[in-house]
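Take a look at the structure below.
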Amino acid sequence: MTQPAYLDPNLSIPERVQDLLSRLTLDEKVGMMNHPARGVPRLGIPDYNFWSEALHGVAANGRATVFPQAIGMAATWDRDLIHQVASAIGDEGRAKYHAALRRNGSTDQFQGLTFWSPNVNIFRDPRWGRGQETWGEDPFFTGEMATEFVKGLQGDHPKYLKAAACAKHYAVHSGPERDRHTFNAIVSKHDLYDTYLPAFKKLVTEAKVEAVMGAYNRTLDEPCCGSKLLLEDILRGEWGFEGHVVSDCGALTDFHVNHKVTKDAAETVALALKRGCDIGCDHVYSEIPEAIARGLITEADVDQALARTLGTRFKLGMFDPDEIVPFASIGMEVVACEAHRQLAYRAATESVVLLKNKNNILPIKPSAKKIFVTGPTATSLEALLGNYSGLNDRMITLLEGLTRRVPEGMGVGYHLGALLKHPREVKETWAPLVAQSADVTIVCVGLTPDLEGEEGAALLTPLNGDREGISLPASQVNYIKELAIHSAKIVLVVTGGSPIALGEVEDMVDAILFVWYPGMEGGRAVADVLFGDVAPAGKLPLTFPKSLDQLPPFEEYSMAGRTYRYMTEEPLYPFGFGLSYTRFEYSDLQLDKTELALGESLNVSLTLTNCGETDPELSRVEASAEVAQFYLSDIHASTIVPLQYLIGFERVYLKAGECKTLHFTLTPEMMSFYNDDGKLTLEPGEFRLEVGGCSPSKRGQELGAPKPVTVVFEVK
């Protein structure tokens, strides 16, 4: 019997897809159009569920390596690390997928290879509960980091994908969560192309991301999963996207139930399919036969969409023998293996951001006799995880990590001290007196996913996942005050996935570490940073405002006054900020020309020096890392442009006294801007280049960031 063409791995994927389509009945095709794609037993095709998650590790599918939440990985500013993390996630996903197939003959939800990650929405407002899933507030930075995630997850095999990544949520989607099913995001063409689209474009055109997920909301009056502008004109038109588009879960139902752009499910089917949404995380595409019967679509429309999702499955090797698919041999021994655990540890250490270190209280000195650990997140597993998380049987809480690391002979005490959000029932506590007698009091505070998250996930908030304010909960602030009144030397360890306005607390404490949701190795990583085994080098991937008074209304999608690129007020902590245990110096900034013709590139060099001296307290640290950041300002642009914008960054390791010459090339594209029509435009004029360890900010200098080097040049 001749082998069907769709099973012939020597044929091209389009040929194989078309052959398979020709063998399917309409009912069988419809069964493949929702995210739980029905199998076709007569053709040997098993059930397959497209919905799997891998935001910071394989999620909701048993034991896995739990890496820091995405916003924490962003704080590493380490492209190579992110690539390695995503590759490890892809390996674990592969192992679990094949194990499920061997066990059940098919895969259920969260067991597949189509991972709905990464989230590349711009974290434009600190109230948004899902900002923790993103890579921060800068479109260039988001694109750089998420590109490495996609490449690592999908692999570099010339024929097969290790896994299929998905860029979500396309587009202009970042809260409020309570309104996401009804909201119409009104943005200018400038803001659309300048802020909301660049990361998606980079993932499509450079990382070759296999899937894109449409958002719930409308953008410029069109539902995102049925938008001519977003799906036809931009995604497949301007960018040439060849993968598949999936709706967010329930987003198609929103067309007729909430957005009211269609009258019923059949009309929704027609709008979404014709615009290019290929598969629904919904039941709506089950109404395809009704839409055909009413003449709203044809079977050819179904074939076009199904060809794209089947194409992804062919790229994953789902119709080929395991022996010729290189990733099919990955075994379950990789899941939560020691190498991945060490990678999770490295990611957690690199994500720690040192925000304050008064009188160099950190690292904790070996001469200290006693430390005291307290606060509501010290023993919290939730504070390690973040949302869309996997689980592991060897999670290390902050208290456990510190207890493991504390040297013999150094006393360590613990008391809960305060609740996460609610006042203590017992008003009096002896904890402040214990803190008073300790050399260092490590106060673990902040947020957990109970206080921020997706719609319906943050159960303790009235706002469906978002935060009404951005301050620490009053119960935590009051406890810190109690400790401060007793003259405790406080090192604040703050967990969370979004900016926290510390207010008066900042002045009460001696040191502040922001550790995000650091994953399964969080406790060990934080302890090693506190004791100086690792020097902190994390940098903020977003601005921490002083208060909500500095921000526009949450519902406003204009970028005016938002993020370091358009914010004119001085923040609490600026984008890109983060201290070290040593001191870095930027010097000798050189250009190969000070005037250049329109369209020319500019070569830049400078020297970065670790000016720290060999310190017995830091003798365990061979080299410290600094993230050199390159910012450009278009001084005389003819329209609204960012005040400054990131164009490059490099993570550099230097020993005490060591220096390195950094080289960078400014391209014409970096000097261009998006005009009012969303067109990339290059104009003559003056530009300011600033290179340093933080975004351009007087506040950054006040907080101790290295003094940047700056030069102005002219384009004629």
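So you can find residues: chains in the structure tokens are A, B, ... in the order shown, residues in each start at 1, and ligands are numbered from 1 in order.
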Write out as a PDB file with C-alpha atoms, in the first residue's frame which residues come within 12 Å of His157 of chain A when counting only C-alpha atoms, dropping same-chain ones fewer than 2 positions away.
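Below is the file around-v9.pdb, written as the result:
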ATOM      1  CA  LYS A 151      14.966  31.251  19.573  1.00  0.00           C
ATOM      2  CA  GLY A 152      15.886  29.162  22.593  1.00  0.00           C
ATOM      3  CA  LEU A 153      12.434  27.603  22.866  1.00  0.00           C
ATOM      4  CA  GLN A 154      12.032  26.823  19.167  1.00  0.00           C
ATOM      5  CA  GLY A 155      15.605  25.630  18.611  1.00  0.00           C
ATOM      6  CA  LYS A 159      13.718  21.433   9.517  1.00  0.00           C
ATOM      7  CA  TYR A 160      12.045  20.842  12.868  1.00  0.00           C
ATOM      8  CA  LEU A 161      10.909  23.081  15.701  1.00  0.00           C
ATOM      9  CA  LYS A 162      11.782  21.950  19.218  1.00  0.00           C
ATOM     10  CA  ALA A 163       8.617  23.733  20.384  1.00  0.00           C
ATOM     11  CA  LYS A 315       7.174  21.536  11.736  1.00  0.00           C
ATOM     12  CA  LEU A 316       7.037  19.962  15.197  1.00  0.00           C
ATOM     13  CA  GLY A 317       7.398  16.509  13.636  1.00  0.00           C
ATOM     14  CA  VAL A 325      12.753  13.959  14.676  1.00  0.00           C
ATOM     15  CA  PRO A 326      15.865  15.087  16.577  1.00  0.00           C
ATOM     16  CA  PHE A 327      14.008  16.298  19.663  1.00  0.00           C
TER      17      PHE A 327
END
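Using only C-alpha atoms, the nearest neighbour of Leu273 of chain A within the list A:Met520, A:Val246, A:Ala535, A:Ala511 is A:Val246.
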Please report, as CSV, each residue of segment 127-192 of chain A lying at most 12 Å from segment 537-552 of chain A, together with the nearest pair of atoms and the separation in Å rounded to one decimal; use only C-alpha atoms, and order rows by chain and ascending residue number.
residue,atom,partner,partner_atom,distance
A:Arg127,CA,A:Leu548,CA,9.0
A:Gly131,CA,A:Leu542,CA,10.1
A:Gln132,CA,A:Leu542,CA,10.8
A:Thr134,CA,A:Pro541,CA,9.7
A:Trp135,CA,A:Pro541,CA,6.9
A:Gly136,CA,A:Pro541,CA,5.0
A:Glu137,CA,A:Leu542,CA,5.2
A:Asp138,CA,A:Leu542,CA,7.4
A:Pro139,CA,A:Pro541,CA,10.7
A:Phe140,CA,A:Pro541,CA,11.3
A:Phe141,CA,A:Pro541,CA,8.2
A:Thr142,CA,A:Pro541,CA,8.9
A:Met145,CA,A:Pro541,CA,10.7
List the neighbours of segment 434-448 of chain A out to 7 Å using only C-alpha atoms; skip same-chain residues closer than 4 positions along the sequence, and give me the result as a PyMOL selection string.
-> chain A and resi 368-378+382-383+386+430+452+472+476+483+486-496
Generate the output file for the selected residues, C-alpha atoms, as an mmCIF file, in the first residue's frame.
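Below is the file again.cif, written as the result:
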data_model
loop_
_atom_site.group_PDB
_atom_site.id
_atom_site.type_symbol
_atom_site.label_atom_id
_atom_site.label_comp_id
_atom_site.auth_asym_id
_atom_site.auth_seq_id
_atom_site.Cartn_x
_atom_site.Cartn_y
_atom_site.Cartn_z
ATOM 1 C CA ALA A 368 28.014 39.556 62.327
ATOM 2 C CA LYS A 369 26.906 37.548 65.358
ATOM 3 C CA LYS A 370 23.185 37.304 64.714
ATOM 4 C CA ILE A 371 20.695 37.936 61.922
ATOM 5 C CA PHE A 372 16.937 38.077 62.285
ATOM 6 C CA VAL A 373 14.580 37.050 59.449
ATOM 7 C CA THR A 374 11.007 38.264 59.494
ATOM 8 C CA GLY A 375 8.106 39.323 57.312
ATOM 9 C CA PRO A 376 5.147 37.762 55.461
ATOM 10 C CA THR A 377 7.037 36.498 52.390
ATOM 11 C CA ALA A 378 9.968 34.841 54.201
ATOM 12 C CA GLU A 382 3.672 31.899 46.397
ATOM 13 C CA ALA A 383 6.322 34.622 46.530
ATOM 14 C CA GLY A 386 4.434 34.218 40.129
ATOM 15 C CA TRP A 430 8.371 40.606 70.565
ATOM 16 C CA GLU A 452 -1.635 40.880 41.508
ATOM 17 C CA LEU A 472 3.095 48.268 50.123
ATOM 18 C CA GLN A 476 3.612 45.597 56.050
ATOM 19 C CA LEU A 483 11.091 47.670 63.581
ATOM 20 C CA HIS A 486 13.374 50.055 67.701
ATOM 21 C CA SER A 487 16.483 51.064 65.678
ATOM 22 C CA ALA A 488 16.737 47.771 63.824
ATOM 23 C CA LYS A 489 19.230 47.666 60.958
ATOM 24 C CA ILE A 490 16.812 46.696 58.220
ATOM 25 C CA VAL A 491 17.602 45.006 54.931
ATOM 26 C CA LEU A 492 14.373 44.955 52.948
ATOM 27 C CA VAL A 493 13.896 42.008 50.567
ATOM 28 C CA VAL A 494 10.947 42.810 48.324
ATOM 29 C CA THR A 495 9.060 40.277 46.188
ATOM 30 C CA GLY A 496 6.631 41.187 43.455
#
Long-range neighbours of segment 96-104 of chain A as a compact mmCIF listing (two decimals) with C-alpha atoms, in the first residue's frame, 9 Å cut-off, only C-alpha atoms, 5 positions minimum in chain:
# COMPACT_ATOMS: atom_id res chain seq x y z
CA ASN A 61 1.99 20.04 33.81
CA ASP A 91 13.76 20.34 26.38
CA GLN A 111 0.92 18.63 27.56
CA GLY A 112 1.60 19.86 24.05
CA LEU A 113 4.41 21.62 22.21
CA ALA A 328 11.89 13.16 20.12
CA SER A 329 14.76 11.40 21.88
CA ILE A 330 14.85 13.89 24.78
CA GLY A 331 14.01 11.84 27.85
CA MET A 332 12.28 12.60 31.13
CA VAL A 335 12.90 17.45 33.67
One residue among A:Thr594, A:Thr403, A:Thr349, A:Ser188 is nearest to Phe514 of chain A when using only C-alpha atoms, and that residue is A:Thr349
Using only C-alpha atoms: which of A:His56, A:His173, A:Arg699, A:His83 has the shortest distance to Ser117 of chain A =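 Distance minimum relative to Ser117 of chain A lands on A:His56.
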Nearest to Leu654 of chain A among A:Ala623, A:Ala64, A:Leu589, A:Leu402, with distances taken over only C-alpha atoms: which residue is it?
->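 Selected residue with least distance to Leu654 of chain A: A:Ala623.
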If you run DSSP on this backbone, which residues of segment 215-360 of chain A come out as alpha helix (DSSP H), and could you give them as a PyMOL selection string?
-> chain A and resi 251-257+265-275+288-293+299-315+338-351
